[in-house]
>>> print(open('coords-v7.txt').read())   # compact mmCIF, C-alpha atoms
# COMPACT_ATOMS: atom_id res chain seq x y z
CA MET A 20 4.83 -7.27 -16.37
CA THR A 21 4.05 -10.40 -14.37
CA GLN A 22 5.77 -10.48 -10.99
CA ILE A 23 6.96 -13.98 -10.05
CA PHE A 24 7.91 -14.37 -6.40
CA CYS A 25 9.22 -17.38 -4.52
CA ILE A 26 8.28 -17.52 -0.84
CA ALA A 27 11.33 -19.22 0.63
CA ASN A 28 13.04 -20.04 3.88
CA GLN A 29 14.82 -23.34 4.46
CA LYS A 30 13.75 -23.31 8.09
CA GLY A 31 10.49 -25.18 8.66
CA GLY A 32 7.51 -23.79 10.54
CA VAL A 33 8.18 -20.13 9.78
CA GLY A 34 4.93 -19.44 7.96
CA LYS A 35 5.84 -19.89 4.28
CA THR A 36 2.57 -21.57 3.36
CA THR A 37 0.49 -19.23 5.51
CA THR A 38 2.21 -16.32 3.76
CA SER A 39 1.72 -17.83 0.30
CA VAL A 40 -2.01 -18.53 0.53
CA ASN A 41 -2.91 -15.37 2.43
CA LEU A 42 -0.86 -13.09 0.19
CA ALA A 43 -2.45 -14.77 -2.85
CA ALA A 44 -5.94 -14.26 -1.42
CA ALA A 45 -5.23 -10.66 -0.35
CA LEU A 46 -3.77 -9.73 -3.75
CA SER A 47 -6.80 -11.28 -5.43
CA ARG A 48 -9.12 -9.27 -3.19
CA ILE A 49 -7.51 -5.99 -4.24
CA GLY A 50 -7.97 -6.77 -7.90
CA GLN A 51 -4.77 -8.58 -8.92
CA ARG A 52 -4.78 -11.72 -11.09
CA VAL A 53 -2.93 -14.38 -9.09
CA LEU A 54 -1.53 -17.87 -9.64
CA MET A 55 -0.19 -19.82 -6.66
CA VAL A 56 2.17 -22.74 -7.37
CA ASP A 57 2.62 -25.31 -4.60
CA MET A 58 6.16 -26.74 -4.77
CA ASP A 59 5.99 -28.55 -1.42
CA PRO A 60 5.19 -32.31 -1.52
CA GLN A 61 3.17 -31.86 1.68
CA GLY A 62 0.59 -30.00 -0.40
CA ASN A 63 -0.46 -27.73 2.46
CA ALA A 64 -0.80 -24.66 0.25
CA THR A 65 -3.03 -26.69 -2.08
CA MET A 66 -5.34 -27.80 0.74
CA GLY A 67 -5.22 -24.35 2.33
CA SER A 68 -6.51 -22.88 -0.92
CA GLY A 69 -9.57 -25.11 -0.97
CA ILE A 70 -8.20 -27.67 -3.46
CA ASN A 71 -8.16 -31.37 -2.55
CA LYS A 72 -4.61 -32.61 -3.12
CA HIS A 73 -5.81 -36.25 -3.18
CA THR A 74 -8.01 -35.77 -6.26
CA LEU A 75 -5.76 -33.74 -8.55
CA ASN A 76 -6.04 -34.75 -12.20
CA ALA A 77 -2.64 -33.18 -12.79
CA SER A 78 -0.24 -31.57 -10.35
CA VAL A 79 3.00 -29.63 -10.47
CA TYR A 80 4.75 -33.02 -10.51
CA GLU A 81 3.35 -33.84 -13.96
CA VAL A 82 4.30 -30.34 -15.12
CA LEU A 83 7.92 -30.72 -14.00
CA ILE A 84 8.42 -34.13 -15.62
CA GLY A 85 6.69 -33.06 -18.84
CA GLN A 86 3.49 -35.12 -18.61
CA ALA A 87 1.17 -32.10 -18.42
CA THR A 88 1.22 -28.42 -19.30
CA LEU A 89 0.78 -25.84 -16.62
CA ALA A 90 -2.54 -24.81 -18.16
CA GLN A 91 -3.75 -28.41 -17.77
CA ALA A 92 -2.61 -28.61 -14.14
CA ARG A 93 -4.01 -25.33 -12.81
CA GLN A 94 -7.39 -25.03 -11.11
CA HIS A 95 -9.36 -22.02 -10.01
CA SER A 96 -10.19 -21.87 -6.32
CA GLU A 97 -13.66 -20.32 -6.17
CA LYS A 98 -13.42 -19.95 -2.40
CA SER A 99 -10.02 -18.28 -2.38
CA GLY A 100 -10.25 -16.26 -5.59
CA TYR A 101 -7.02 -17.29 -7.33
CA ASP A 102 -5.65 -20.07 -9.54
CA VAL A 103 -3.67 -22.95 -8.05
CA VAL A 104 -1.20 -25.48 -9.40
CA GLY A 105 -1.44 -28.11 -6.71
CA ALA A 106 1.01 -30.58 -5.22
CA ASN A 107 0.88 -33.87 -3.35
CA ARG A 108 3.23 -36.65 -2.26
CA GLU A 109 4.08 -37.55 -5.86
CA LEU A 110 6.15 -34.36 -6.04
CA ALA A 111 8.74 -35.88 -3.69
CA GLY A 112 9.74 -38.20 -6.53
CA ALA A 113 10.58 -35.29 -8.80
CA GLU A 114 13.77 -34.59 -6.87
CA VAL A 115 15.11 -37.98 -7.99
CA GLU A 116 13.55 -38.14 -11.46
CA LEU A 117 14.90 -34.75 -12.53
CA VAL A 118 18.51 -35.37 -11.50
CA ASP A 119 19.70 -36.52 -14.92
CA GLN A 120 17.29 -34.40 -16.97
CA PRO A 121 18.46 -31.45 -19.11
CA GLN A 122 17.61 -27.99 -17.75
CA ARG A 123 16.41 -29.69 -14.57
CA GLU A 124 16.48 -26.49 -12.50
CA ARG A 125 14.56 -24.49 -15.13
CA ARG A 126 11.58 -26.80 -15.66
CA LEU A 127 9.21 -24.60 -13.67
CA LYS A 128 10.44 -21.42 -15.37
CA SER A 129 9.70 -22.88 -18.80
CA ALA A 130 6.23 -24.01 -17.72
CA LEU A 131 5.32 -20.65 -16.18
CA ALA A 132 6.39 -18.80 -19.32
CA THR A 133 3.41 -20.34 -21.15
CA VAL A 134 0.82 -18.67 -18.88
CA ALA A 135 2.65 -15.77 -17.23
CA ALA A 136 0.93 -13.11 -19.36
CA GLU A 137 -2.43 -14.08 -17.83
CA TYR A 138 -1.40 -13.02 -14.31
CA ASP A 139 -0.19 -9.99 -12.37
CA PHE A 140 1.41 -12.15 -9.66
CA ILE A 141 2.68 -15.72 -9.58
CA LEU A 142 3.57 -16.91 -6.07
CA ILE A 143 5.63 -20.06 -5.53
CA ASP A 144 5.36 -21.82 -2.17
CA SER A 145 8.64 -23.67 -1.66
CA PRO A 146 9.48 -26.59 0.65
CA PRO A 147 11.61 -26.14 3.80
CA ALA A 148 14.82 -27.31 2.12
CA LEU A 149 17.26 -25.98 -0.44
CA GLY A 150 16.87 -28.87 -2.87
CA LEU A 151 15.91 -29.12 -6.54
CA LEU A 152 12.28 -28.11 -5.95
CA THR A 153 13.27 -24.88 -4.20
CA LEU A 154 15.93 -24.32 -6.86
CA ASN A 155 13.25 -24.54 -9.56
CA GLY A 156 11.30 -21.89 -7.70
CA LEU A 157 14.31 -19.61 -7.36
CA CYS A 158 15.23 -20.00 -11.04
CA ALA A 159 11.67 -19.13 -12.11
CA ALA A 160 11.29 -16.10 -9.85
CA HIS A 161 12.10 -12.43 -10.18
CA GLY A 162 12.43 -12.14 -6.44
CA VAL A 163 12.23 -13.84 -3.06
CA ILE A 164 9.92 -13.00 -0.19
CA VAL A 165 11.37 -14.31 3.07
CA PRO A 166 8.89 -14.87 5.92
CA MET A 167 10.68 -15.12 9.24
CA GLN A 168 9.97 -15.21 12.92
CA CYS A 169 11.79 -12.75 15.10
CA GLU A 170 13.80 -15.38 16.97
CA TYR A 171 17.52 -15.92 17.35
CA PHE A 172 17.84 -19.09 15.26
CA ALA A 173 15.90 -17.43 12.43
CA LEU A 174 18.78 -15.00 12.00
CA GLU A 175 21.27 -17.84 11.59
CA GLY A 176 19.13 -19.56 8.95
CA LEU A 177 18.67 -16.28 7.13
CA SER A 178 22.38 -15.94 6.36
CA ASP A 179 22.35 -19.40 4.67
CA LEU A 180 19.36 -18.41 2.55
CA VAL A 181 20.93 -15.10 1.52
CA ASN A 182 24.08 -16.95 0.41
CA THR A 183 21.99 -19.41 -1.62
CA ILE A 184 20.12 -16.56 -3.31
CA LYS A 185 23.44 -14.92 -4.17
CA GLN A 186 24.71 -18.16 -5.73
CA VAL A 187 21.54 -18.64 -7.77
CA HIS A 188 21.72 -15.01 -8.89
CA ALA A 189 25.35 -15.41 -9.97
CA ASN A 190 25.01 -18.76 -11.74
CA LEU A 191 21.42 -19.42 -12.79
CA ASN A 192 19.09 -16.42 -12.58
CA ARG A 193 20.40 -12.88 -12.97
CA ASP A 194 16.92 -11.46 -12.31
CA LEU A 195 16.71 -12.92 -8.81
CA ARG A 196 16.79 -10.55 -5.86
CA ILE A 197 15.42 -10.34 -2.35
CA ILE A 198 12.14 -8.44 -2.52
CA GLY A 199 11.81 -8.22 1.21
CA LEU A 200 11.71 -9.84 4.63
CA LEU A 201 8.30 -10.30 6.21
CA ARG A 202 8.12 -10.56 9.99
CA VAL A 203 5.48 -13.17 10.85
CA MET A 204 3.92 -14.66 13.99
CA PHE A 205 5.03 -11.52 15.79
CA ASP A 206 4.16 -10.93 19.44
CA PRO A 207 5.17 -7.41 20.57
CA ARG A 208 4.90 -8.45 24.21
CA ILE A 209 8.00 -10.64 23.89
CA THR A 210 11.13 -8.56 24.41
CA LEU A 211 13.38 -10.90 22.40
CA GLN A 212 11.12 -10.60 19.37
CA GLN A 213 11.31 -6.81 19.56
CA GLN A 214 15.10 -6.99 19.81
CA VAL A 215 15.45 -9.38 16.85
CA SER A 216 13.03 -7.24 14.85
CA ASP A 217 15.21 -4.20 15.50
CA GLN A 218 18.30 -6.17 14.44
CA ILE A 219 16.63 -7.22 11.19
CA LYS A 220 15.62 -3.64 10.40
CA SER A 221 19.07 -2.36 11.28
CA HIS A 222 20.84 -4.89 9.06
CA PHE A 223 18.46 -5.11 6.08
CA SER A 224 16.87 -1.62 6.32
CA ASP A 225 14.59 -1.06 3.29
CA LYS A 226 14.48 -4.78 2.51
CA VAL A 227 12.21 -5.27 5.54
CA PHE A 228 8.51 -4.85 4.83
CA ASN A 229 6.77 -2.29 7.02
CA THR A 230 3.83 -4.65 7.54
CA VAL A 231 4.17 -7.07 10.45
CA ILE A 232 1.99 -10.20 10.61
CA PRO A 233 0.87 -10.81 14.20
CA ARG A 234 0.50 -14.18 15.87
CA ASN A 235 -3.19 -14.82 15.30
CA VAL A 236 -5.46 -17.74 16.19
CA ARG A 237 -7.79 -17.20 13.21
CA LEU A 238 -4.89 -17.53 10.75
CA ALA A 239 -3.95 -20.82 12.43
CA GLU A 240 -7.54 -22.12 12.32
CA ALA A 241 -8.20 -21.27 8.67
CA PRO A 242 -6.32 -24.20 7.01
CA SER A 243 -8.54 -26.74 8.77
CA TYR A 244 -11.45 -25.20 6.84
CA GLY A 245 -9.51 -25.27 3.56
CA LEU A 246 -9.35 -21.49 3.37
CA PRO A 247 -6.77 -18.71 3.64
CA GLY A 248 -7.25 -16.63 6.79
CA VAL A 249 -8.01 -13.61 4.62
CA VAL A 250 -11.13 -15.42 3.35
CA PHE A 251 -11.96 -17.37 6.52
CA ASP A 252 -12.17 -14.30 8.77
CA PRO A 253 -11.46 -11.03 6.89
CA ALA A 254 -12.01 -9.01 10.08
CA SER A 255 -9.29 -10.79 12.08
CA ARG A 256 -6.03 -9.05 12.92
CA GLY A 257 -4.04 -11.53 10.84
CA ALA A 258 -6.26 -11.13 7.76
CA LYS A 259 -6.12 -7.36 7.97
CA ALA A 260 -2.32 -7.51 8.25
CA PHE A 261 -2.05 -9.65 5.11
CA THR A 262 -4.33 -7.25 3.24
CA GLU A 263 -2.04 -4.40 4.30
CA PHE A 264 0.93 -6.48 3.16
CA ALA A 265 -0.63 -7.02 -0.28
CA GLN A 266 -1.26 -3.28 -0.60
CA GLU A 267 2.32 -2.54 0.46
CA MET A 268 3.57 -5.05 -2.12
CA VAL A 269 1.60 -3.44 -4.93
CA ALA A 270 2.71 0.03 -3.85
CA ARG A 271 6.35 -1.03 -3.58
CA LEU A 272 6.24 -2.37 -7.11
CA ALA A 273 4.28 0.67 -8.33
CA LEU A 274 1.51 -1.46 -9.80
CA PRO A 275 -2.05 -0.22 -10.32
CA ALA A 276 -4.16 -1.40 -7.40
>>> encode(input="coords-v7.txt", output="structure tokens")
Amino acid sequence: MTQIFCIANQKGGVGKTTTSVNLAAALSRIGQRVLMVDMDPQGNATMGSGINKHTLNASVYEVLIGQATLAQARQHSEKSGYDVVGANRELAGAEVELVDQPQRERRLKSALATVAAEYDFILIDSPPALGLLTLNGLCAAHGVIVPMQCEYFALEGLSDLVNTIKQVHANLNRDLRIIGLLRVMFDPRITLQQQVSDQIKSHFSDKVFNTVIPRNVRLAEAPSYGLPGVVFDPASRGAKAFTEFAQEMVARLALPA
């Protein structure tokens, strides 16, 4: 069965896109068939996968408003090893255009259903807001992966996200659940980060992934080359951590690696 995961956190700058592209690349490298859907109008996940957002023939915007099928909008990233449905600034208009449309929060789910059987994993990179685009991602997904920094304000934002996920589960998508929390940009030398990490593990226990993604320069450099860090420098600490994360994900879901 295809696993559809939304990478979500309404707080900006917590590593959603970095998580999306590197998890996609790492899963691809261990033999999984992967589709990455960019639902952020900034299009960073598109560019970070080696796809030029400025020259898209069709994007997720056209898919959502019914002008293109998902099969027409997807591209294969030879560099990164997975398929991509890209996004650009046009996607910002979808929030307004979909407001009075029927099934507006299930447009992405319907589109993904047409190709889901071709993939083991579909990853949805969501924008840093709990609007209609993120809602489409949550309605389409089986679960949510929450990347978060081990900082005080991250804990406050997490409670809002958990409440949103509960509401979507109750009213729109009974399959939705939290798959796990991923600690990113982690620096073990900072006492506060260790303390927050312990709090997260204490409160969410088995919902916290064992893998921790360290703060890593090579991961930060990779997007400027249009590559996930896992492809840009496979030997870096960050790339190795994402590969471990992909393996943990497959093991947790009991999928053949």
>>> residues_around(input="coords-v7.txt", residues="segment 110-122 of chain A", least_positions_apart="5", cutoff="9 Å", atoms="all atoms listed in the file", output="list in words")
Met58, Asp59, Pro60, Gln61, Ser78, Val79, Tyr80, Glu81, Leu83, Ile84, Gly150, Leu151 and Leu152 of chain A
>>> write_last_selection(input="coords-v7.txt", atoms="C-alpha atoms", output="PDB file, in the coordinates of the input")
ATOM      1  CA  MET A  58       6.160 -26.740  -4.770  1.00  0.00           C
ATOM      2  CA  ASP A  59       5.990 -28.550  -1.420  1.00  0.00           C
ATOM      3  CA  PRO A  60       5.190 -32.310  -1.520  1.00  0.00           C
ATOM      4  CA  GLN A  61       3.170 -31.860   1.680  1.00  0.00           C
ATOM      5  CA  SER A  78      -0.240 -31.570 -10.350  1.00  0.00           C
ATOM      6  CA  VAL A  79       3.000 -29.630 -10.470  1.00  0.00           C
ATOM      7  CA  TYR A  80       4.750 -33.020 -10.510  1.00  0.00           C
ATOM      8  CA  GLU A  81       3.350 -33.840 -13.960  1.00  0.00           C
ATOM      9  CA  LEU A  83       7.920 -30.720 -14.000  1.00  0.00           C
ATOM     10  CA  ILE A  84       8.420 -34.130 -15.620  1.00  0.00           C
ATOM     11  CA  GLY A 150      16.870 -28.870  -2.870  1.00  0.00           C
ATOM     12  CA  LEU A 151      15.910 -29.120  -6.540  1.00  0.00           C
ATOM     13  CA  LEU A 152      12.280 -28.110  -5.950  1.00  0.00           C
TER      14      LEU A 152
END
>>> atom_distance(input="coords-v7.txt", atom1="atom CA of Val33 of chain A", atom2="atom CA of Ala148 of chain A")
12.4 Å
>>> closest_residue(input="coords-v7.txt", among="A:Gly162, A:Pro247, A:Gly69, A:Gly199", to="Ser224 of chain A", atoms="all atoms listed in the file")
A:Gly199
>>> atom_distance(input="coords-v7.txt", atom1="atom CA of Thr38 of chain A", atom2="atom CA of Cys25 of chain A")
10.9 Å
>>> closest_residue(input="coords-v7.txt", among="A:Asp102, A:Asp57, A:Glu175, A:Glu170", to="Asp139 of chain A", atoms="all atoms listed in the file")
A:Asp102
>>> residues_around(input="coords-v7.txt", residues="Leu149 of chain A", least_positions_apart="2", cutoff="10 Å", atoms="all atoms listed in the file", output="PyMOL selection string")
chain A and resi 27-30+145-147+151-154+157+179-180+183
>>> residues_near_point(input="coords-v7.txt", point="(-7.3, -16.4, 9.9)", cutoff="12 Å", atoms="only C-alpha atoms", output="ChimeraX atom specification")
/A:37-38,40-41,44-45,67,232-262
>>> build_atoms(input="coords-v7.txt", residues="segment 210-236 of chain A", atoms="N, CA, C and O atoms", output="compact mmCIF listing (two decimals), in the coordinates of the input")
# COMPACT_ATOMS: atom_id res chain seq x y z
N THR A 210 10.00 -9.47 24.57
CA THR A 210 11.13 -8.56 24.41
C THR A 210 12.12 -9.05 23.36
O THR A 210 12.62 -8.27 22.54
N LEU A 211 12.42 -10.36 23.36
CA LEU A 211 13.38 -10.90 22.40
C LEU A 211 12.92 -10.66 20.97
O LEU A 211 13.73 -10.31 20.10
N GLN A 212 11.62 -10.81 20.72
CA GLN A 212 11.12 -10.60 19.37
C GLN A 212 11.30 -9.14 18.94
O GLN A 212 11.65 -8.86 17.79
N GLN A 213 11.09 -8.23 19.86
CA GLN A 213 11.31 -6.81 19.56
C GLN A 213 12.78 -6.56 19.24
O GLN A 213 13.11 -5.83 18.29
N GLN A 214 13.66 -7.18 20.02
CA GLN A 214 15.10 -6.99 19.81
C GLN A 214 15.55 -7.56 18.46
O GLN A 214 16.31 -6.92 17.73
N VAL A 215 15.08 -8.76 18.12
CA VAL A 215 15.45 -9.38 16.85
C VAL A 215 14.86 -8.56 15.70
O VAL A 215 15.52 -8.36 14.67
N SER A 216 13.65 -8.09 15.87
CA SER A 216 13.03 -7.24 14.85
C SER A 216 13.87 -5.99 14.58
O SER A 216 14.10 -5.61 13.42
N ASP A 217 14.35 -5.39 15.65
CA ASP A 217 15.21 -4.20 15.50
C ASP A 217 16.52 -4.55 14.79
O ASP A 217 17.02 -3.76 13.97
N GLN A 218 17.07 -5.73 15.11
CA GLN A 218 18.30 -6.17 14.44
C GLN A 218 18.08 -6.36 12.95
O GLN A 218 18.91 -5.97 12.12
N ILE A 219 16.95 -6.98 12.61
CA ILE A 219 16.63 -7.22 11.19
C ILE A 219 16.51 -5.90 10.45
O ILE A 219 17.07 -5.72 9.36
N LYS A 220 15.80 -4.95 11.06
CA LYS A 220 15.62 -3.64 10.40
C LYS A 220 16.93 -2.91 10.28
O LYS A 220 17.20 -2.24 9.29
N SER A 221 17.78 -3.04 11.30
CA SER A 221 19.07 -2.36 11.28
C SER A 221 19.97 -2.92 10.18
O SER A 221 20.67 -2.17 9.48
N HIS A 222 19.93 -4.25 10.00
CA HIS A 222 20.84 -4.89 9.06
C HIS A 222 20.33 -4.84 7.62
O HIS A 222 21.10 -4.62 6.68
N PHE A 223 19.01 -5.02 7.44
CA PHE A 223 18.46 -5.11 6.08
C PHE A 223 17.70 -3.86 5.65
O PHE A 223 17.29 -3.76 4.50
N SER A 224 17.50 -2.93 6.56
CA SER A 224 16.87 -1.62 6.32
C SER A 224 15.66 -1.70 5.39
O SER A 224 14.64 -2.28 5.74
N ASP A 225 15.76 -1.16 4.16
CA ASP A 225 14.59 -1.06 3.29
C ASP A 225 14.15 -2.39 2.70
O ASP A 225 13.14 -2.46 1.99
N LYS A 226 14.89 -3.46 2.97
CA LYS A 226 14.48 -4.78 2.51
C LYS A 226 13.47 -5.43 3.47
O LYS A 226 12.97 -6.53 3.22
N VAL A 227 13.18 -4.75 4.57
CA VAL A 227 12.21 -5.27 5.54
C VAL A 227 10.86 -4.61 5.28
O VAL A 227 10.77 -3.38 5.24
N PHE A 228 9.85 -5.41 5.05
CA PHE A 228 8.51 -4.85 4.83
C PHE A 228 8.03 -4.13 6.08
O PHE A 228 8.30 -4.55 7.21
N ASN A 229 7.32 -3.04 5.89
CA ASN A 229 6.77 -2.29 7.02
C ASN A 229 5.68 -3.09 7.74
O ASN A 229 5.55 -3.03 8.95
N THR A 230 4.91 -3.84 6.96
CA THR A 230 3.83 -4.65 7.54
C THR A 230 4.41 -5.77 8.39
O THR A 230 5.38 -6.43 8.01
N VAL A 231 3.80 -5.98 9.55
CA VAL A 231 4.17 -7.07 10.45
C VAL A 231 2.94 -7.96 10.63
O VAL A 231 1.85 -7.46 10.90
N ILE A 232 3.11 -9.26 10.45
CA ILE A 232 1.99 -10.20 10.61
C ILE A 232 1.97 -10.69 12.06
O ILE A 232 2.92 -11.34 12.51
N PRO A 233 0.91 -10.41 12.79
CA PRO A 233 0.87 -10.81 14.20
C PRO A 233 0.58 -12.30 14.37
O PRO A 233 0.04 -12.95 13.46
N ARG A 234 0.94 -12.82 15.53
CA ARG A 234 0.50 -14.18 15.87
C ARG A 234 -1.01 -14.12 16.06
O ARG A 234 -1.51 -13.31 16.83
N ASN A 235 -1.73 -14.96 15.34
CA ASN A 235 -3.19 -14.82 15.30
C ASN A 235 -3.86 -16.19 15.22
O ASN A 235 -3.55 -16.99 14.33
N VAL A 236 -4.79 -16.44 16.12
CA VAL A 236 -5.46 -17.74 16.19
C VAL A 236 -6.27 -18.02 14.93
O VAL A 236 -6.30 -19.14 14.42
